[in-house]
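In what follows, a single structure is set out as structure tokens and then discussed.
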Amino acid sequence: MEVESLGDSSKIVSGTTEIAKSPDRLLIAEYVAKFIELSGIMKDGFSFQAGAGGTALAFAMFLKERMRETGIKARFIRGGSTKYLVQMLEEGLVDYILDGQTFDLEGVRSMRENPGHVNTSPFTSYNYHGKGNFASILDAVVLGATEVDVNFNANVVSHSDGLLLHGIGGWQNCLFSKCSILAIPSFRDRIPVILDEVTTICAPGELVDVIVTERGIAINPRREDLLKAVEGKGLPIRKIEEIRDEVYQIVGGPPQKPVVDKNQVVAIVNWVDGTVLDSVYKVIG
Amino acid sequence: MEMVKNAAGRLVPTEVNGQKRIPYKGVAQHRPDGFKAKPPIRSAADYPADGNKLLPNLRTALERAGLKDGMTISTHHHLRNGDVVTNILFDTIKEMGVKNIRWFPSASFPCHEHLIPYLEDGTISHIEGSMNGPLGRFTSYGKMNGVGVLRSHGGRYQAVQDGEVHIDIAVIASPTADPFGNANGVTGKAACGLLRVCSCRF
């Protein structure tokens, strides 16, 4: 059936699709770009994915500058496309955008006009029970998180007060990249982000490779190859516990545990294979 | 609710909304077996000979699609926080007096706060999909009737493909379509780009 209006197309650019402005977030984005360059991930024919969060968008800007200066070209970028990725495609810094979702109107225009901006299905590329899953081909992916813990487990759906406020999107699916990077501030509104234990597990720690904060970069000890690759490159590599302790000291310790009713599960978090990874409980008060 | 400790060390229910659930076993530890779910067989006899599938309004479309209590309805989130179609959809379902709908969105946004009265009055039983903002808060305080199920985008497809979720009706907000039902998202005044997260393949 036909309708007069589907809604407001200016609001399809909503929530997370604006570039970061705060100096801390920009520093994080710059560290991520440097990490990708100096670890050797950035080389001719590489591929990456960055989401639509402000920090991820800023990262793409910094990486673009480094690619321009070094003359290195990427084979493909996995979208969520934005005007920033479109600029890279139009400048010839990348051969293709493999898009799963257009995040802004420039992305829409580019997809309409540019054969190098390819419409791909998140169903086949993200479905873990299928042959067309290409998440693992990506050389690097940059994601956000609400919390991470010292075992590199990460949360993307709830906050430290226990409230469920976000969806998973393609986040879990992207973790299968060759290098998964969480670009996060070490604290938000005086609440530390690196904790002893996350409120809700959305990512098993073994799939989280690097955590980049404004206070330094923590590499998962399982990734000895990455630790070796960045040795002596001048990056602020630190142990995750060290960053946690420093922030605990600044903000006065870990956040209070949320007051929840453990007898009432209000939601479950599925893993990519349909099994149940964690429970979200009713918040009291 | 029976809870067991999974491979991540977390307590998870073994049954949710009346369906058996498998606790997480570790990365790449769970291998599915069996066959994929399949869509029902359709007949061209049930569609207009002139190819024009256009109906006068959403209510008629829902009636023709056989909307009943307890069905699963899927929507997509390409219009993000600018979506009004999902709100109109549930306004219509409420008007029709249909209850207990499982809403299977690829994501919800603050614009969908409009649906909270329908979660309260039982028009919608529960949400299985990403909840951003007000609906997540509503769920957190234990106000939703059923248990929310959060999945990744790939996990949504996996759930449909593996037969965990059967979508009865998928409602697609397409910026452009022809009378036969071919649609795209790159033209039209509400152009939103590609439309590939629509869970309508089954």
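In the structure tokens, the first chain shown is A, the next is B, and so on; residue numbers restart at 1 for each chain, and ligands run from 1 in the order shown.
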
Pick out the residues sitting within 10 Å of Asp168 of chain B, and hand them over as JSON, numbers by chain; count only C-alpha atoms, and ignore anything fewer than 6 positions along from it in its own chain.
{"B": [39, 65, 66, 67, 68, 70, 71, 72, 73, 74, 102, 200, 202]}

Could you pull the residues within 9 Å of Val85 of chain B, counting only C-alpha atoms, minus those fewer than 5 positions along the same chain, as a ChimeraX atom specification?
/A:5-7 /B:90,171-173

Per-residue nearest contacts of chain A to chain B (6 Å; only C-alpha atoms) as CSV:
```
residue,atom,partner,partner_atom,distance
A:Met1,CA,B:Leu55,CA,4.7
A:Leu6,CA,B:Val85,CA,5.7
A:Gly7,CA,B:Val84,CA,5.0
A:Asp8,CA,B:Gly82,CA,4.7
A:Ser9,CA,B:Ala190,CA,4.9
A:Lys11,CA,B:Gly82,CA,4.5
A:Ile12,CA,B:Leu79,CA,4.8
A:Ser14,CA,B:Asn81,CA,5.9
A:Thr102,CA,B:Gly193,CA,5.3
A:Val108,CA,B:Gly193,CA,4.4
A:Arg112,CA,B:Val186,CA,5.9
A:Ser121,CA,B:Arg196,CA,5.4
A:Phe123,CA,B:Tyr157,CA,5.7
A:Tyr126,CA,B:Gly154,CA,4.3
A:Asn127,CA,B:Gly154,CA,4.2
A:Leu163,CA,B:Ser140,CA,5.6
A:Leu164,CA,B:Gly136,CA,5.0
A:Leu165,CA,B:Gly133,CA,4.8
A:His166,CA,B:Asn132,CA,4.4
A:Gly167,CA,B:Ser130,CA,3.8
A:Ile168,CA,B:Ser152,CA,5.1
A:Gly169,CA,B:Ser152,CA,5.1
A:Gly170,CA,B:His153,CA,5.1
A:Val266,CA,B:Val147,CA,5.1
A:Ala267,CA,B:Gly148,CA,4.1
A:Ile268,CA,B:Val149,CA,5.1
A:Val269,CA,B:Leu150,CA,4.8
A:Asn270,CA,B:Arg151,CA,5.4
A:Val272,CA,B:Gly155,CA,4.9
A:Thr275,CA,B:Tyr24,CA,4.7
A:Val276,CA,B:Pro23,CA,4.7
A:Leu277,CA,B:Tyr24,CA,5.1
A:Asp278,CA,B:Val12,CA,5.8
A:Ser279,CA,B:Val12,CA,5.6
A:Lys282,CA,B:Gly142,CA,5.2
A:Val283,CA,B:Tyr141,CA,5.3
```

Name the residues in contact with segment 189-199 of chain A at a cut-off of 7 Å, using only C-alpha atoms, excluding same-chain residues fewer than 5 positions from it; report them as a short mmCIF file (atom, residue, chain, number, x, y, z; two decimals) with C-alpha atoms, in the first residue's frame.
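Resulting contents of out_14.cif:
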```cif
data_model
loop_
_atom_site.label_atom_id
_atom_site.label_comp_id
_atom_site.auth_asym_id
_atom_site.auth_seq_id
_atom_site.Cartn_x
_atom_site.Cartn_y
_atom_site.Cartn_z
CA THR A 146 29.61 0.38 27.15
CA GLU A 147 31.98 -1.62 29.40
CA VAL A 148 34.94 -3.97 29.12
CA ASP A 149 36.62 -6.02 31.82
CA VAL A 150 40.17 -7.05 32.56
CA ASN A 153 34.92 -9.44 27.91
CA ALA A 154 32.81 -6.57 26.58
CA ASN A 155 29.30 -5.21 26.96
CA SER A 160 26.91 -0.17 34.83
CA GLY A 162 22.11 -2.34 34.90
CA ARG A 244 41.69 0.18 35.21
CA VAL A 247 40.89 5.29 36.47
CA TYR A 248 39.62 3.71 39.71
CA VAL A 251 37.02 8.40 40.07
CA PRO A 254 34.64 0.79 40.73
CA PRO A 255 31.01 1.73 40.09
#
```

Of A:Asn133, A:Ser110, A:Ser39, A:Ser158, the one nearest to Thr200 of chain A when counting only C-alpha atoms is A:Ser158

Residue set, segment 194-253 of chain A restricted to strand (DSSP E), as a PyMOL selection string:
chain A and resi 194-195+210-213+216-219

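Here atom CA of Ser43 of chain B is placed at a distance of 28.8 Å from atom CA of Gly97 of chain B.
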
What is the atom CA of Asp91 of chain B-atom CA of Ile116 of chain B distance in Å, reported with one decimal?
11.5 Å

In segment 5-191 of chain B, DSSP alpha helix (DSSP H) residues written as an NGL selection string
:B and (58-64 or 85-96 or 116-120 or 134-140 or 153-161)

Set out as JSON lines a contact list for segment 19-130 of chain A and segment 216-234 of chain A with a cut-off of 12 Å, giving each residue of segment 19-130 of chain A that qualifies its closest atom pair and distance in Å to one decimal, counting only C-alpha atoms, ordered by chain and rising residue number.
```
{"residue": "A:Asp24", "atom": "CA", "partner": "A:Gly216", "partner_atom": "CA", "distance": 11.5}
{"residue": "A:Leu27", "atom": "CA", "partner": "A:Gly216", "partner_atom": "CA", "distance": 10.0}
{"residue": "A:Ile28", "atom": "CA", "partner": "A:Gly216", "partner_atom": "CA", "distance": 8.5}
{"residue": "A:Ala29", "atom": "CA", "partner": "A:Ile217", "partner_atom": "CA", "distance": 11.5}
{"residue": "A:Glu30", "atom": "CA", "partner": "A:Gly216", "partner_atom": "CA", "distance": 11.5}
{"residue": "A:Tyr31", "atom": "CA", "partner": "A:Ile217", "partner_atom": "CA", "distance": 7.9}
{"residue": "A:Val32", "atom": "CA", "partner": "A:Ile217", "partner_atom": "CA", "distance": 8.6}
{"residue": "A:Ala33", "atom": "CA", "partner": "A:Ile217", "partner_atom": "CA", "distance": 11.9}
{"residue": "A:Lys34", "atom": "CA", "partner": "A:Lys233", "partner_atom": "CA", "distance": 9.8}
{"residue": "A:Phe35", "atom": "CA", "partner": "A:Val230", "partner_atom": "CA", "distance": 7.7}
{"residue": "A:Ile36", "atom": "CA", "partner": "A:Val230", "partner_atom": "CA", "distance": 9.7}
{"residue": "A:Glu37", "atom": "CA", "partner": "A:Val230", "partner_atom": "CA", "distance": 9.8}
{"residue": "A:Leu38", "atom": "CA", "partner": "A:Val230", "partner_atom": "CA", "distance": 6.4}
{"residue": "A:Ser39", "atom": "CA", "partner": "A:Val230", "partner_atom": "CA", "distance": 5.1}
{"residue": "A:Gly40", "atom": "CA", "partner": "A:Ala229", "partner_atom": "CA", "distance": 7.3}
{"residue": "A:Ile41", "atom": "CA", "partner": "A:Ala229", "partner_atom": "CA", "distance": 9.5}
```

What's around Phe134 of chain A at 6 Å? Count only C-alpha atoms, leave out sequence neighbours fewer than 2 positions away in its own chain, and write the answer as a ChimeraX atom specification.
/A:125,136-137

Output file for the residues above (N, CA, C and O atoms, as a PDB file, in the first residue's frame):
```
ATOM      1  N   SER A 125      26.521 -12.044   5.103  1.00  0.00           N
ATOM      2  CA  SER A 125      27.861 -11.703   5.587  1.00  0.00           C
ATOM      3  C   SER A 125      27.979 -11.809   7.100  1.00  0.00           C
ATOM      4  O   SER A 125      29.077 -11.967   7.619  1.00  0.00           O
ATOM      5  N   SER A 136      35.129 -12.529   9.013  1.00  0.00           N
ATOM      6  CA  SER A 136      36.481 -12.941   9.408  1.00  0.00           C
ATOM      7  C   SER A 136      37.546 -12.510   8.398  1.00  0.00           C
ATOM      8  O   SER A 136      38.734 -12.606   8.668  1.00  0.00           O
ATOM      9  N   ILE A 137      37.112 -12.030   7.236  1.00  0.00           N
ATOM     10  CA  ILE A 137      38.086 -11.595   6.216  1.00  0.00           C
ATOM     11  C   ILE A 137      38.648 -10.210   6.542  1.00  0.00           C
ATOM     12  O   ILE A 137      39.745  -9.869   6.128  1.00  0.00           O
TER      13      ILE A 137
END
```
